[in-house]
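The structure appears below as structure tokens.
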Amino acid sequence: GENVEQHPSTLSVQEGDSAVIKCTYSDSASNYFPWYKQELGKRPQLIIDIRSNVGEKKDQRIAVTLNKTAKHFSLHITETQPEDSAVYFCAASISRAAGNKLTFGGGTRVLVKP
Amino acid sequence: DAGVTQSPTHLIKTRGQQVTLRCSPKSGHDTVSWYQQALGQGPQFIFQYYEEEERQRGNFPDRFSGHQFPNYSSELNVNALLLGDSALYLCASSFQGAGGYTFGSGTRLTVV
């Protein structure tokens, strides 16, 4: 089955700097890659997603890039702010009629220092 | 517009007991998935329901079962609880499983 690895497990950045989180997946059939932000004690919230027919997607300070050949995708956060501090999860999925489970990475704890 | 709602928010059970968790999907969504999130880890897929049928299942034993009702709400049942079942159980909904899953706040289950 699908396996998703996420690095780093923790990331500390200075406010205003950029943060990059990288994920690799094993199943080349995966075609949907969402990123979730989970604050302590709260639900995972979708912050951005990308499908396999797109190489890059941007939404304000957040961008995701996808390299299908290398089977990896990355989350880029620019101009980090203290409210960006949270745990971030990448996930991979194969969208098909038989069902499409999300396989998550282990998470990255991001701390933005003011 | 109500998001995904789960009940109860917290639950304490004894080993060997049975538990039922409930989920109401976001308005307009018809697909419900359940995930188990152990402390400090990413969510693990349990199963997905669509049109009242289990469409896909993760690597969880038969002690974990579910149901989807005609109004798209869903239940997760766990029998013969083990200490290792202690976790946050998350429900996620989407429209026809097309991605864009919305998660509920979860049910924190503690087995003692």
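Going by the structure tokens order, chains are called A, B, ..., each with residues numbered from 1, while ligands are numbered from 1 in the order shown.
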Item checked: Test item: residues at most 8 Å from region 16-25 of chain A, only C-alpha atoms, excluding those fewer than 5 positions along its chain, as number ranges by chain -> A: 2-8, 11, 71-81, 90, 92, 105, 108
Notebook entry, point to check: Taking the backbone alone, and naming residues the way the document does, which bits of region 36-111 of chain A are strand (DSSP E or B) by DSSP, as a PyMOL selection string?
Noted result: chain A and resi 36-38+45-51+56-59+62-67+72-77+86-93+102-104+108-111
Check: which chain A residues lie within 8 Å of chain B using only C-alpha atoms, as a PDB file with C-alpha atoms, in the first residue's frame:
ATOM      1  CA  TYR A  32      -4.242  13.946  -4.968  1.00  0.00           C
ATOM      2  CA  PRO A  34      -3.497  17.731   0.388  1.00  0.00           C
ATOM      3  CA  LYS A  42      -8.051  21.136  17.191  1.00  0.00           C
ATOM      4  CA  ARG A  43      -9.168  19.472  13.988  1.00  0.00           C
ATOM      5  CA  PRO A  44      -6.877  19.111  10.961  1.00  0.00           C
ATOM      6  CA  GLN A  45      -7.693  21.922   8.535  1.00  0.00           C
ATOM      7  CA  LEU A  46      -7.042  21.740   4.816  1.00  0.00           C
ATOM      8  CA  ASP A  49      -4.041  20.740  -2.092  1.00  0.00           C
ATOM      9  CA  PHE A  89       0.564  16.918   7.756  1.00  0.00           C
ATOM     10  CA  SER A  95      -9.005   9.056  -6.349  1.00  0.00           C
ATOM     11  CA  ALA A  98     -13.649   2.151  -5.238  1.00  0.00           C
ATOM     12  CA  GLY A  99     -12.749   4.700  -2.595  1.00  0.00           C
ATOM     13  CA  ASN A 100      -9.925   7.098  -1.899  1.00  0.00           C
ATOM     14  CA  LYS A 101      -8.280   6.934   1.493  1.00  0.00           C
ATOM     15  CA  LEU A 102      -5.803   9.566   2.579  1.00  0.00           C
ATOM     16  CA  THR A 103      -2.402   8.226   3.676  1.00  0.00           C
ATOM     17  CA  PHE A 104      -0.752  10.756   5.980  1.00  0.00           C
ATOM     18  CA  GLY A 105       2.854  11.534   6.731  1.00  0.00           C
ATOM     19  CA  GLY A 106       4.045  11.603  10.322  1.00  0.00           C
ATOM     20  CA  GLY A 107       3.704  15.371  10.667  1.00  0.00           C
TER      21      GLY A 107
END
Notebook entry, point to check: In Å to one decimal, how far is CA of Thr9 (chain B) from CA of Leu83 (chain B)?
Noted result: 18.5 Å
Item checked: Residue neighbourhood region 59-71 of chain B, 7 Å, only C-alpha atoms, exclusion window fewer than 6 positions, as a ChimeraX atom specification -> /B:46,49,52-53,77-80
